[in-house]
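Below is data14.cif, which holds mmCIF, C-alpha atoms.
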data_coords
loop_
_atom_site.label_atom_id
_atom_site.label_comp_id
_atom_site.auth_asym_id
_atom_site.auth_seq_id
_atom_site.Cartn_x
_atom_site.Cartn_y
_atom_site.Cartn_z
CA MET F 176 28.12 221.10 -110.50
CA ASN F 177 30.62 221.14 -113.36
CA LYS F 178 29.10 222.89 -116.35
CA LYS F 179 30.02 219.90 -118.51
CA ASN F 180 27.86 217.77 -116.24
CA THR F 181 24.90 220.12 -116.24
CA LEU F 182 22.09 219.50 -118.68
CA SER F 183 19.25 221.95 -119.15
CA ARG F 184 16.66 221.44 -121.87
CA ARG F 185 18.22 224.30 -123.80
CA ASP F 186 21.75 222.92 -123.44
CA PHE F 187 20.69 219.48 -124.52
CA LEU F 188 19.13 220.76 -127.73
CA LYS F 189 22.44 222.23 -128.86
CA SER F 190 23.63 220.18 -131.79
CA THR F 191 26.66 219.31 -133.80
CA ALA F 192 26.48 217.96 -137.31
CA ILE F 193 26.36 214.17 -137.58
CA GLY F 194 24.52 211.81 -139.85
CA VAL F 195 21.99 209.36 -138.51
CA ILE F 196 23.61 206.05 -137.57
CA GLY F 197 22.83 203.42 -140.15
CA ALA F 198 22.74 199.66 -140.03
CA ALA F 199 25.64 197.84 -138.42
CA ALA F 200 28.43 196.48 -140.52
CA ALA F 201 27.74 192.86 -141.36
CA PRO F 202 29.57 190.53 -138.97
CA GLY F 203 32.25 188.24 -140.31
CA LEU F 204 31.80 184.54 -140.95
CA LEU F 205 28.15 184.83 -141.94
CA THR F 206 25.91 181.93 -142.73
CA SER F 207 22.34 181.90 -143.98
CA CYS F 208 19.78 179.52 -142.56
CA SER F 209 16.59 178.21 -144.13
CA SER F 210 13.28 179.81 -143.21
CA SER F 211 9.88 178.29 -142.62
CA ALA F 212 8.20 181.64 -143.26
CA ASN F 213 7.38 183.51 -146.42
CA ASP F 214 10.84 184.32 -147.81
CA LYS F 215 9.53 187.33 -149.69
CA LYS F 216 8.29 189.03 -146.52
CA TYR F 217 10.87 187.60 -144.14
CA PRO F 218 14.19 187.08 -145.92
CA LYS F 219 16.71 184.59 -144.62
CA ALA F 220 18.56 185.92 -141.62
CA GLU F 221 22.30 186.24 -141.57
CA VAL F 222 23.82 185.11 -138.30
CA PRO F 223 27.44 184.60 -137.26
CA GLU F 224 28.88 181.12 -137.40
CA LEU F 225 29.91 180.03 -133.91
CA LEU F 226 32.94 177.76 -133.68
CA PRO F 227 33.73 175.73 -130.53
CA MET F 228 37.22 177.21 -130.59
CA ALA F 229 39.21 179.54 -132.80
CA PRO F 230 41.15 177.90 -135.63
CA ASP F 231 44.88 177.48 -135.20
CA GLY F 232 46.98 180.17 -136.80
CA ARG F 233 49.61 182.75 -136.09
CA PRO F 234 50.26 183.39 -132.39
CA LEU F 235 48.29 186.32 -130.98
CA LYS F 236 49.39 188.44 -128.03
CA ALA F 237 46.87 190.50 -126.08
CA GLY F 238 47.25 193.40 -123.69
CA LEU F 239 44.62 194.04 -121.02
CA ILE F 240 43.62 197.61 -120.19
CA GLY F 241 41.53 197.71 -117.04
CA CYS F 242 42.36 194.94 -114.55
CA GLY F 243 39.22 194.87 -112.41
CA GLY F 244 36.83 191.93 -112.21
CA ARG F 245 35.51 192.20 -115.77
CA GLY F 246 38.95 192.86 -117.19
CA THR F 247 40.46 189.90 -115.38
CA GLY F 248 37.57 187.78 -116.64
CA ALA F 249 38.16 188.98 -120.21
CA ALA F 250 41.83 187.98 -119.94
CA PHE F 251 40.82 184.44 -118.96
CA ASN F 252 38.18 184.40 -121.71
CA PHE F 253 40.82 185.32 -124.30
CA LEU F 254 43.07 182.51 -123.09
CA ASP F 255 40.14 180.09 -123.51
CA THR F 256 39.59 180.85 -127.20
CA GLY F 257 42.06 178.30 -128.58
CA ASN F 258 45.70 177.58 -129.16
CA GLY F 259 48.49 180.10 -129.61
CA VAL F 260 46.95 183.00 -127.68
CA ASP F 261 48.53 184.75 -124.72
CA VAL F 262 48.02 187.74 -122.44
CA VAL F 263 51.36 189.52 -122.14
CA MET F 264 50.76 193.05 -120.82
CA LEU F 265 48.59 194.74 -118.19
CA ALA F 266 47.55 198.34 -117.52
CA ASP F 267 45.33 199.87 -114.86
CA ILE F 268 44.86 203.14 -113.04
CA PHE F 269 45.61 201.41 -109.73
CA ASP F 270 48.56 199.16 -108.93
CA ASP F 271 46.58 197.02 -106.46
CA LYS F 272 44.03 196.14 -109.15
CA LEU F 273 46.81 195.28 -111.58
CA GLN F 274 48.63 193.11 -109.07
CA ALA F 275 45.45 191.20 -108.18
CA CYS F 276 44.87 190.42 -111.87
CA ARG F 277 48.52 189.52 -112.34
CA GLN F 278 48.40 187.12 -109.40
CA ALA F 279 45.18 185.49 -110.64
CA LEU F 280 46.69 184.87 -114.08
CA LYS F 281 49.75 183.29 -112.51
CA GLU F 282 47.87 181.11 -110.05
CA LYS F 283 45.08 179.92 -112.33
CA ARG F 284 46.77 179.78 -115.74
CA ASN F 285 50.49 179.95 -115.06
CA VAL F 286 50.62 183.17 -117.09
CA VAL F 287 53.51 185.25 -115.77
CA ILE F 288 53.49 188.97 -116.55
CA PRO F 289 56.91 190.52 -115.85
CA ASP F 290 57.31 193.85 -114.10
CA GLU F 291 58.33 195.57 -117.33
CA ALA F 292 55.00 194.60 -118.91
CA CYS F 293 52.88 196.18 -116.15
CA PHE F 294 51.86 199.83 -116.31
CA VAL F 295 49.92 202.02 -113.88
CA GLY F 296 48.23 205.39 -114.28
CA PHE F 297 45.77 207.23 -116.49
CA ASP F 298 48.14 207.04 -119.49
CA ALA F 299 49.18 203.42 -118.89
CA TYR F 300 46.98 202.26 -121.77
CA LYS F 301 49.38 203.90 -124.22
CA ASN F 302 52.26 201.70 -123.05
CA VAL F 303 50.23 198.58 -123.84
CA ILE F 304 48.95 199.82 -127.18
CA ASP F 305 52.39 201.09 -128.24
CA SER F 306 53.83 197.60 -127.75
CA ASP F 307 53.82 194.69 -130.21
CA VAL F 308 50.54 193.19 -128.94
CA ASP F 309 48.07 192.16 -131.65
CA VAL F 310 44.89 192.62 -129.61
CA VAL F 311 43.88 195.01 -126.83
CA LEU F 312 41.13 194.19 -124.36
CA LEU F 313 39.45 197.48 -123.40
CA CYS F 314 37.91 196.91 -119.96
CA ALA F 315 38.59 200.13 -118.05
CA PRO F 316 35.59 202.15 -116.77
CA PRO F 317 33.37 203.24 -119.69
CA VAL F 318 34.32 206.94 -119.67
CA PHE F 319 37.75 205.97 -121.01
CA ARG F 320 36.51 203.76 -123.85
CA PRO F 321 36.43 206.44 -126.61
CA SER F 322 40.01 207.63 -126.05
CA HIS F 323 41.31 204.09 -125.62
CA LEU F 324 39.65 202.88 -128.83
CA GLU F 325 40.82 205.90 -130.78
CA TYR F 326 44.43 205.25 -129.78
CA ALA F 327 44.19 201.50 -130.41
CA VAL F 328 42.82 202.00 -133.92
CA GLN F 329 45.40 204.67 -134.63
CA LYS F 330 48.10 202.13 -133.74
CA GLY F 331 46.54 199.37 -135.84
CA LYS F 332 45.36 197.03 -133.07
CA HIS F 333 42.43 194.62 -133.09
CA VAL F 334 40.06 195.31 -130.21
CA PHE F 335 37.71 193.70 -127.74
CA MET F 336 35.59 196.58 -126.42
CA GLU F 337 33.55 196.00 -123.29
CA LYS F 338 30.13 197.60 -123.03
CA PRO F 339 29.10 200.38 -122.87
CA CYS F 340 31.28 202.14 -125.39
CA ALA F 341 30.66 205.66 -124.02
CA VAL F 342 28.89 207.62 -121.30
CA ASP F 343 27.84 210.64 -123.36
CA PRO F 344 26.97 211.55 -126.98
CA VAL F 345 30.38 213.10 -127.65
CA GLY F 346 32.05 209.84 -126.67
CA ALA F 347 29.58 207.81 -128.73
CA ARG F 348 30.41 209.82 -131.84
CA SER F 349 34.11 209.28 -131.18
CA ILE F 350 33.52 205.52 -131.08
CA LEU F 351 31.57 205.71 -134.32
CA LYS F 352 34.43 207.57 -136.01
CA SER F 353 37.07 205.16 -134.68
CA GLY F 354 34.97 202.20 -135.80
CA LYS F 355 34.84 203.56 -139.35
CA ILE F 356 38.61 204.06 -139.38
CA ALA F 357 39.12 200.53 -138.08
CA GLN F 358 36.91 199.21 -140.86
CA SER F 359 38.96 201.05 -143.47
CA LYS F 360 42.13 199.50 -142.02
CA GLY F 361 40.73 195.98 -141.93
CA LEU F 362 40.87 195.83 -138.16
CA SER F 363 38.40 193.76 -136.13
CA ILE F 364 36.35 195.06 -133.21
CA ILE F 365 34.10 192.88 -131.08
CA SER F 366 31.92 194.38 -128.35
CA GLY F 367 30.87 192.92 -125.03
CA THR F 368 27.16 192.72 -125.92
CA ILE F 369 27.31 189.00 -125.28
CA ARG F 370 23.85 187.87 -126.41
CA ARG F 371 24.76 188.39 -130.07
CA SER F 372 27.45 185.74 -129.56
CA GLN F 373 25.26 183.29 -127.61
CA ARG F 374 24.17 180.23 -129.57
CA ASP F 375 20.64 179.75 -128.19
CA CYS F 376 19.87 183.47 -128.52
CA ILE F 377 21.17 183.50 -132.10
CA GLU F 378 19.08 180.51 -133.11
CA THR F 379 15.99 182.07 -131.52
CA TYR F 380 16.72 185.36 -133.28
CA ARG F 381 17.12 183.60 -136.62
CA ARG F 382 13.64 182.12 -136.39
CA VAL F 383 12.05 185.37 -135.27
CA ALA F 384 13.79 187.33 -138.05
CA GLU F 385 12.45 184.81 -140.55
CA GLY F 386 8.86 185.32 -139.43
CA ALA F 387 8.24 182.82 -136.64
CA ILE F 388 6.13 185.30 -134.64
CA GLY F 389 4.98 187.46 -137.53
CA ASP F 390 5.40 191.21 -137.48
CA ILE F 391 6.78 192.52 -134.18
CA VAL F 392 4.40 194.83 -132.34
CA SER F 393 5.88 195.38 -128.87
CA ALA F 394 8.44 194.29 -126.26
CA GLN F 395 8.64 194.11 -122.48
CA VAL F 396 12.06 193.99 -120.82
CA LEU F 397 12.97 193.47 -117.16
CA ARG F 398 16.30 193.41 -115.38
CA ASN F 399 15.58 193.52 -111.68
CA GLY F 400 18.44 192.48 -109.45
CA SER F 401 20.36 193.21 -106.29
CA SER F 402 22.40 196.33 -105.68
CA LEU F 403 25.89 196.65 -107.08
CA TRP F 404 29.01 197.02 -104.95
CA HIS F 405 30.09 200.40 -103.66
CA LYS F 406 33.08 201.86 -101.88
CA ASP F 407 32.83 204.23 -98.94
CA ARG F 408 35.18 207.15 -99.18
CA GLN F 409 38.43 206.81 -97.22
CA PRO F 410 40.09 209.85 -95.61
CA GLU F 411 43.26 209.46 -97.67
CA TRP F 412 41.45 209.37 -101.01
CA SER F 413 41.31 212.43 -103.25
CA ASP F 414 38.12 213.24 -105.18
CA MET F 415 39.44 211.46 -108.25
CA GLU F 416 40.57 208.34 -106.41
CA TYR F 417 37.20 208.08 -104.67
CA MET F 418 35.33 208.35 -107.96
CA MET F 419 37.62 205.88 -109.71
CA ARG F 420 37.44 203.29 -106.93
CA ASN F 421 33.67 203.78 -106.69
CA TRP F 422 33.16 204.13 -110.44
CA PRO F 423 29.81 202.31 -110.98
CA ASN F 424 28.16 204.87 -108.70
CA PHE F 425 29.15 208.00 -110.64
CA CYS F 426 27.39 208.82 -113.89
CA TRP F 427 30.34 210.51 -115.58
CA VAL F 428 32.50 207.40 -115.09
CA SER F 429 29.96 204.58 -115.63
CA GLY F 430 27.05 206.08 -117.55
CA ASP F 431 24.62 204.94 -114.80
CA MET F 432 22.67 201.70 -114.75
CA PRO F 433 21.03 201.86 -118.23
CA LEU F 434 24.48 201.94 -119.86
CA GLU F 435 26.67 200.05 -117.45
CA GLN F 436 24.41 196.99 -117.04
CA PHE F 437 20.90 197.31 -118.52
CA ILE F 438 22.42 197.84 -121.97
CA HIS F 439 22.63 194.04 -122.30
CA GLU F 440 18.85 193.72 -122.36
CA ILE F 441 18.24 196.95 -124.28
CA ASP F 442 20.67 195.72 -126.94
CA MET F 443 19.02 192.29 -127.05
CA MET F 444 15.58 193.84 -127.50
CA SER F 445 16.88 196.13 -130.23
CA TRP F 446 18.49 193.17 -132.01
CA PHE F 447 15.23 191.22 -132.10
CA LEU F 448 13.43 194.33 -133.33
CA GLY F 449 15.80 194.39 -136.31
CA ASP F 450 17.96 197.14 -134.78
CA LYS F 451 15.26 199.64 -135.59
CA LYS F 452 16.14 203.02 -134.10
CA PRO F 453 13.54 204.52 -131.73
CA VAL F 454 12.14 207.94 -132.49
CA SER F 455 12.09 208.97 -128.84
CA ALA F 456 12.23 207.82 -125.24
CA THR F 457 10.41 208.81 -122.09
CA ALA F 458 11.44 207.54 -118.69
CA VAL F 459 11.10 207.71 -114.94
CA GLY F 460 13.73 206.76 -112.39
CA GLY F 461 14.99 207.49 -108.96
CA ARG F 462 17.01 206.43 -106.01
CA ALA F 463 15.63 204.46 -103.10
CA ARG F 464 18.54 202.63 -101.47
CA ARG F 465 21.87 203.48 -103.11
CA VAL F 466 24.18 205.09 -100.58
CA THR F 467 27.05 206.61 -102.59
CA GLY F 468 27.57 208.46 -105.85
CA ASP F 469 25.06 210.36 -107.94
CA VAL F 470 23.20 207.68 -109.93
CA TYR F 471 19.76 206.08 -109.71
CA ASP F 472 18.88 202.56 -108.62
CA PHE F 473 15.66 202.08 -110.63
CA TYR F 474 14.44 203.02 -114.11
CA SER F 475 11.45 202.53 -116.37
CA ILE F 476 12.00 203.53 -120.00
CA GLN F 477 9.51 203.56 -122.87
CA TYR F 478 10.80 203.75 -126.44
CA GLN F 479 8.56 204.96 -129.27
CA TYR F 480 9.11 203.99 -132.93
CA ASP F 481 8.08 205.57 -136.20
CA ASN F 482 5.38 202.94 -136.84
CA GLY F 483 3.69 203.68 -133.51
CA MET F 484 5.18 200.69 -131.71
CA ARG F 485 6.18 201.16 -128.08
CA THR F 486 8.49 199.04 -125.97
CA ASN F 487 8.95 199.15 -122.20
CA CYS F 488 12.20 198.48 -120.35
CA THR F 489 12.41 198.37 -116.54
CA SER F 490 15.44 197.82 -114.33
CA ARG F 491 16.19 197.92 -110.63
CA GLN F 492 19.24 197.35 -108.43
CA ILE F 493 17.87 197.05 -104.88
CA ASP F 494 18.49 194.34 -102.31
CA GLY F 495 15.66 192.42 -100.67
CA CYS F 496 13.29 192.47 -103.65
CA ASP F 497 12.09 189.82 -106.09
CA ASN F 498 14.44 189.59 -109.07
CA GLU F 499 13.77 188.77 -112.71
CA LEU F 500 15.59 188.99 -116.02
CA SER F 501 13.41 188.70 -119.11
CA VAL F 502 13.25 190.03 -122.65
CA MET F 503 9.84 189.35 -124.18
CA VAL F 504 9.14 190.35 -127.79
CA TYR F 505 5.59 190.10 -129.13
CA GLY F 506 4.46 189.65 -132.72
CA THR F 507 1.23 189.28 -134.66
CA ASN F 508 1.61 185.49 -134.59
CA GLY F 509 3.26 184.73 -131.27
CA SER F 510 6.02 185.82 -128.93
CA THR F 511 9.52 184.90 -127.77
CA ASN F 512 11.63 185.13 -124.64
CA CYS F 513 14.58 185.85 -126.98
CA PHE F 514 16.78 183.31 -125.20
CA ASP F 515 15.47 179.91 -126.24
CA THR F 516 11.68 179.71 -126.66
CA ILE F 517 9.03 180.81 -129.16
CA TYR F 518 5.36 180.79 -128.14
CA HIS F 519 2.06 180.48 -130.00
CA PRO F 520 -0.42 183.36 -129.50
CA ASP F 521 -2.15 181.33 -126.78
CA GLY F 522 1.09 181.03 -124.81
CA THR F 523 1.87 177.41 -125.59
CA ILE F 524 5.36 176.55 -126.79
CA ALA F 525 5.83 176.55 -130.55
CA TRP F 526 9.59 175.88 -130.52
CA GLN F 527 12.32 175.51 -127.94
CA TYR F 528 16.07 175.42 -128.29
CA PRO F 529 17.35 171.83 -127.97
CA HIS F 530 19.70 172.28 -125.01
CA PRO F 531 21.63 169.00 -124.65
CA LYS F 532 22.11 167.43 -121.25
CA PRO F 533 25.71 167.15 -120.01
CA GLU F 534 25.57 163.38 -120.39
CA ASP F 535 24.29 163.47 -123.99
CA GLU F 536 26.74 162.17 -126.56
CA ASP F 537 25.73 164.79 -129.12
CA GLN F 538 26.77 168.23 -127.90
CA THR F 539 26.25 170.01 -131.23
CA TRP F 540 23.78 172.45 -129.69
CA ALA F 541 25.67 173.03 -126.45
CA VAL F 542 25.86 176.74 -125.60
CA LYS F 543 29.42 177.88 -125.00
CA ASP F 544 30.05 180.67 -122.53
CA PRO F 545 29.24 183.79 -124.61
CA TYR F 546 32.05 185.71 -122.91
CA VAL F 547 34.44 183.23 -124.52
CA GLN F 548 32.43 182.89 -127.72
CA GLU F 549 32.66 186.59 -128.57
CA LEU F 550 36.44 186.40 -128.29
CA ILE F 551 36.53 183.22 -130.37
CA ARG F 552 34.79 185.30 -133.05
CA LEU F 553 37.49 187.97 -132.72
CA VAL F 554 40.42 185.55 -132.91
CA THR F 555 38.79 183.69 -135.81
CA ALA F 556 38.25 186.95 -137.71
CA ILE F 557 41.90 187.90 -137.28
CA ARG F 558 43.31 184.50 -138.25
CA THR F 559 41.04 184.04 -141.27
CA ASP F 560 41.44 187.63 -142.46
CA THR F 561 37.67 188.19 -142.41
CA PRO F 562 37.32 191.33 -140.27
CA VAL F 563 34.34 191.68 -137.94
CA ASN F 564 33.32 195.10 -136.64
CA ASP F 565 30.20 195.63 -134.53
CA SER F 566 31.12 199.07 -133.20
CA GLU F 567 28.33 200.85 -135.06
CA ILE F 568 25.54 198.77 -133.59
CA HIS F 569 27.21 199.03 -130.17
CA VAL F 570 26.99 202.81 -130.50
CA GLN F 571 23.29 202.56 -131.37
CA SER F 572 22.48 200.49 -128.27
CA THR F 573 24.59 202.80 -126.11
CA LEU F 574 22.71 205.84 -127.39
CA MET F 575 19.38 204.11 -126.73
CA ALA F 576 20.41 203.49 -123.12
CA MET F 577 21.61 207.09 -122.91
CA MET F 578 18.22 208.35 -124.13
CA GLY F 579 16.55 206.54 -121.26
CA ARG F 580 18.97 207.90 -118.67
CA ILE F 581 18.65 211.51 -119.84
CA ALA F 582 14.86 211.26 -120.11
CA ALA F 583 14.68 210.03 -116.50
CA TYR F 584 17.14 212.64 -115.20
CA THR F 585 15.38 215.55 -116.89
CA GLY F 586 11.77 214.39 -116.90
CA LYS F 587 11.67 215.29 -120.60
CA LYS F 588 11.15 213.26 -123.75
CA VAL F 589 14.44 212.69 -125.60
CA THR F 590 14.44 212.09 -129.34
CA TRP F 591 16.89 210.09 -131.42
CA ASP F 592 17.80 213.17 -133.44
CA GLU F 593 18.59 215.05 -130.23
CA ILE F 594 20.80 212.38 -128.74
CA ILE F 595 22.97 211.85 -131.81
CA ALA F 596 23.45 215.59 -132.23
CA SER F 597 23.96 216.57 -128.59
CA ASP F 598 27.29 218.09 -127.52
CA LEU F 599 26.90 216.78 -123.96
CA LYS F 600 30.21 215.63 -122.50
CA LEU F 601 30.45 214.37 -118.93
CA GLY F 602 33.36 214.57 -116.52
CA PRO F 603 36.47 216.70 -116.15
CA ASP F 604 38.62 217.77 -119.07
CA THR F 605 41.72 216.06 -117.70
CA TYR F 606 42.20 212.92 -115.63
CA GLU F 607 44.61 213.18 -112.73
CA PHE F 608 44.53 212.36 -109.04
CA GLY F 609 43.52 215.23 -106.80
CA PRO F 610 40.49 217.49 -106.46
CA VAL F 611 37.73 217.27 -109.08
CA GLU F 612 36.06 220.64 -109.23
CA GLY F 613 32.31 220.97 -109.67
CA ILE F 614 31.26 217.30 -109.65
CA GLU F 615 29.22 216.73 -106.53
CA GLU F 616 27.48 213.70 -105.06
CA VAL F 617 24.07 215.11 -105.91
CA VAL F 618 21.25 212.95 -107.28
CA PRO F 619 19.51 214.32 -110.42
CA LEU F 620 16.08 215.83 -109.78
CA PRO F 621 13.60 215.49 -112.70
CA GLY F 622 11.95 218.69 -113.83
CA THR F 623 15.02 220.80 -113.03
CA PRO F 624 18.29 221.34 -114.92
CA ALA F 625 20.00 218.01 -114.36
CA LYS F 626 23.05 216.06 -115.27
CA GLY F 627 22.98 214.08 -118.50
#
As structure tokens:
Amino acid sequence: MNKKNTLSRRDFLKSTAIGVIGAAAAPGLLTSCSSSANDKKYPKAEVPELLPMAPDGRPLKAGLIGCGGRGTGAAFNFLDTGNGVDVVMLADIFDDKLQACRQALKEKRNVVIPDEACFVGFDAYKNVIDSDVDVVLLCAPPVFRPSHLEYAVQKGKHVFMEKPCAVDPVGARSILKSGKIAQSKGLSIISGTIRRSQRDCIETYRRVAEGAIGDIVSAQVLRNGSSLWHKDRQPEWSDMEYMMRNWPNFCWVSGDMPLEQFIHEIDMMSWFLGDKKPVSATAVGGRARRVTGDVYDFYSIQYQYDNGMRTNCTSRQIDGCDNELSVMVYGTNGSTNCFDTIYHPDGTIAWQYPHPKPEDEDQTWAVKDPYVQELIRLVTAIRTDTPVNDSEIHVQSTLMAMMGRIAAYTGKKVTWDEIIASDLKLGPDTYEFGPVEGIEEVVPLPGTPAKG
């Protein structure tokens, strides 16, 4: 096992100086809504204004970095934001992934990317960022997000940054630093934590923040679903190619399930809790059915807060089981599913989001695809010169997910102070095709020195 991937209790407690992460920068285009609660105890919530499309303005060119399924989807989402936007450059580690994305853009949107605007390899992202694009869409595997964001901000680009923003504390701190620099330059960054750009979730959050369920006392979160895809190793693949093509199944590339996927629900819970940082996390996890890589396929994480509150988050990726996705937050005067419903203490509905039917004439409350909506927010921020930057809160949710992963891997409680100070860095020092020394397909065993 590579020493950078090995985490003993002693190693984890090593620290580097960093201040505690504060509240997120206020999003652009804020609007205040009236409250039915006591304004003195529950002040009016600030929520982002959601437009059906970005306003017209100067043409914006985007470059896509990471041409897999999510990256290709993000390219289409950007094209759907409004008028005068275009995707003009592509970069990926693998040519076949790039060509598949290129073909999809041509067939479905008549977007033609010329050969000279296509770049392949670990450094291909620099070719895109060094060009005259206005926006970069960062959708490569998560391990690359810190270096890609750092370079994009250095070059003065606006950024869409897919979740998670890092796989280890060192990467998270890099994102935090780059986010601060972007803020000082007036650059916009929007993250792929989609619920914060989803209209029904926002309206539910607004009511909860303004006291609709009283003081929050606990939360229960579930994301139980089927297994993710995997790739069996082919004889011609080197270690690095195998790990890159099978990236969701290696912790150092993906961050494991709490970061790569469950972060959506962890972030949503944290949002409804007022983005209150947990004091610590304990967790259990393991591997029942996954057949490749070194990550788990089930987790149960409990977060503890300084007021004694505890929240429980459970996730599973196993075929053949009952599935459920829910984020329940409980207060002294009711509860909410965080998506569209608020309940009285007895479980009856107190309020429900007014989803219009497709045939209704009034579509004011229609919920636009949040994957498009978050990019509408980015384009709007750029064209109206009102920067939006949610990188700091993205870091907080990433670190929360990381706490749960490390607690499960080690069998030890992980505190907030430990995670933000840890010098843990996963993966090799350099990225190149060929052998990858010391990173084995070994599943972490709690109670022993384990990977982070």
ask   = Excluding same-chain residues fewer than 6 positions from Gly622 of chain F, what lies within 9 Å of it counting only C-alpha atoms, as a ChimeraX atom specification?
value = /F:584-587
Residues selected by the PyMOL selection byres ((chain F and resi 396) around 6), written as number ranges by chain = F: 395, 397, 488, 501-502
request  = Could you tell me which residues the PyMOL selection byres ((chain F and resi 479) around 9) grabs in this file, written as a ChimeraX atom specification?
outcome  = /F:453-457,477-478,480-486
query = Which is closest to Asp560 of chain F among F:Pro316, F:Gly238, F:Pro230, F:Gly246, if we use all atoms listed in the file?
reply = F:Pro230
inquiry  = Starting from the PyMOL selection byres ((chain F and resi 475) around 8), expand the selection into actual residues of this file and give them as a list of chain:residue names.
reply    =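 Answer for the PyMOL selection byres ((chain F and resi 475) around 8): F:Ala458, F:Val459, F:Gly460, F:Phe473, F:Tyr474, F:Ile476, F:Gln477, F:Asn487, F:Cys488, F:Thr489, F:Ser490.
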key: Pick from F:Lys543, F:Arg420, F:Lys532, F:Lys283 nearest to Phe269 of chain F, counting all atoms listed in the file   =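 Going through F:Lys543, F:Arg420, F:Lys532, F:Lys283 one by one, the smallest distance to Phe269 of chain F is for F:Arg420.
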message = What's the separation between atom CA of Leu226 of chain F and atom CA of Leu448 of chain F, in Å to one decimal place?
response =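 According to the coordinates, atom CA of Leu226 of chain F and atom CA of Leu448 of chain F are separated by 25.6 Å.
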Around the point (20.5, 186.2, -124.5) (coordinates from the file), which residues reach within 10 Å if we count all atoms listed in the file? Answer as a PDB file with C-alpha atoms, in the coordinates of the input.
ATOM      1  CA  THR F 368      27.160 192.720-125.920  1.00  0.00           C
ATOM      2  CA  ILE F 369      27.310 189.000-125.280  1.00  0.00           C
ATOM      3  CA  ARG F 370      23.850 187.870-126.410  1.00  0.00           C
ATOM      4  CA  ARG F 371      24.760 188.390-130.070  1.00  0.00           C
ATOM      5  CA  SER F 372      27.450 185.740-129.560  1.00  0.00           C
ATOM      6  CA  GLN F 373      25.260 183.290-127.610  1.00  0.00           C
ATOM      7  CA  ARG F 374      24.170 180.230-129.570  1.00  0.00           C
ATOM      8  CA  ASP F 375      20.640 179.750-128.190  1.00  0.00           C
ATOM      9  CA  CYS F 376      19.870 183.470-128.520  1.00  0.00           C
ATOM     10  CA  ILE F 377      21.170 183.500-132.100  1.00  0.00           C
ATOM     11  CA  THR F 379      15.990 182.070-131.520  1.00  0.00           C
ATOM     12  CA  TYR F 380      16.720 185.360-133.280  1.00  0.00           C
ATOM     13  CA  HIS F 439      22.630 194.040-122.300  1.00  0.00           C
ATOM     14  CA  GLU F 440      18.850 193.720-122.360  1.00  0.00           C
ATOM     15  CA  ASP F 442      20.670 195.720-126.940  1.00  0.00           C
ATOM     16  CA  MET F 443      19.020 192.290-127.050  1.00  0.00           C
ATOM     17  CA  MET F 444      15.580 193.840-127.500  1.00  0.00           C
ATOM     18  CA  SER F 501      13.410 188.700-119.110  1.00  0.00           C
ATOM     19  CA  VAL F 502      13.250 190.030-122.650  1.00  0.00           C
ATOM     20  CA  ASN F 512      11.630 185.130-124.640  1.00  0.00           C
ATOM     21  CA  CYS F 513      14.580 185.850-126.980  1.00  0.00           C
ATOM     22  CA  PHE F 514      16.780 183.310-125.200  1.00  0.00           C
ATOM     23  CA  ASP F 515      15.470 179.910-126.240  1.00  0.00           C
ATOM     24  CA  PRO F 545      29.240 183.790-124.610  1.00  0.00           C
TER      25      PRO F 545
END
message = Need to verify the contact set: segment 561-574 of chain F, 7 Å, only C-alpha atoms, exclusion of same-chain residues closer than 4 positions in sequence. Can you return it as an MDAnalysis selection string?
response = chainID F and resid 199:200 202:203 339:340 347 351 354 358 361:366 434 438 441:442 556:557 578 594
message = Set the distance at 12 Å and use only C-alpha atoms: which residues neighbour Gly248 of chain F once local chain neighbours fewer than 6 positions away are removed? I'd like the list as number ranges by chain.
response = F: 239, 241-242, 254-255, 262, 276-277, 279-280, 283, 312-314, 337, 367, 544, 546-547, 550
ask   = Which is closest to Met415 of chain F among F:Val222, F:Val428, F:Ile524, F:Ala292, if we use all atoms listed in the file?
value =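 Smallest separation from Met415 of chain F among the options: F:Val428.
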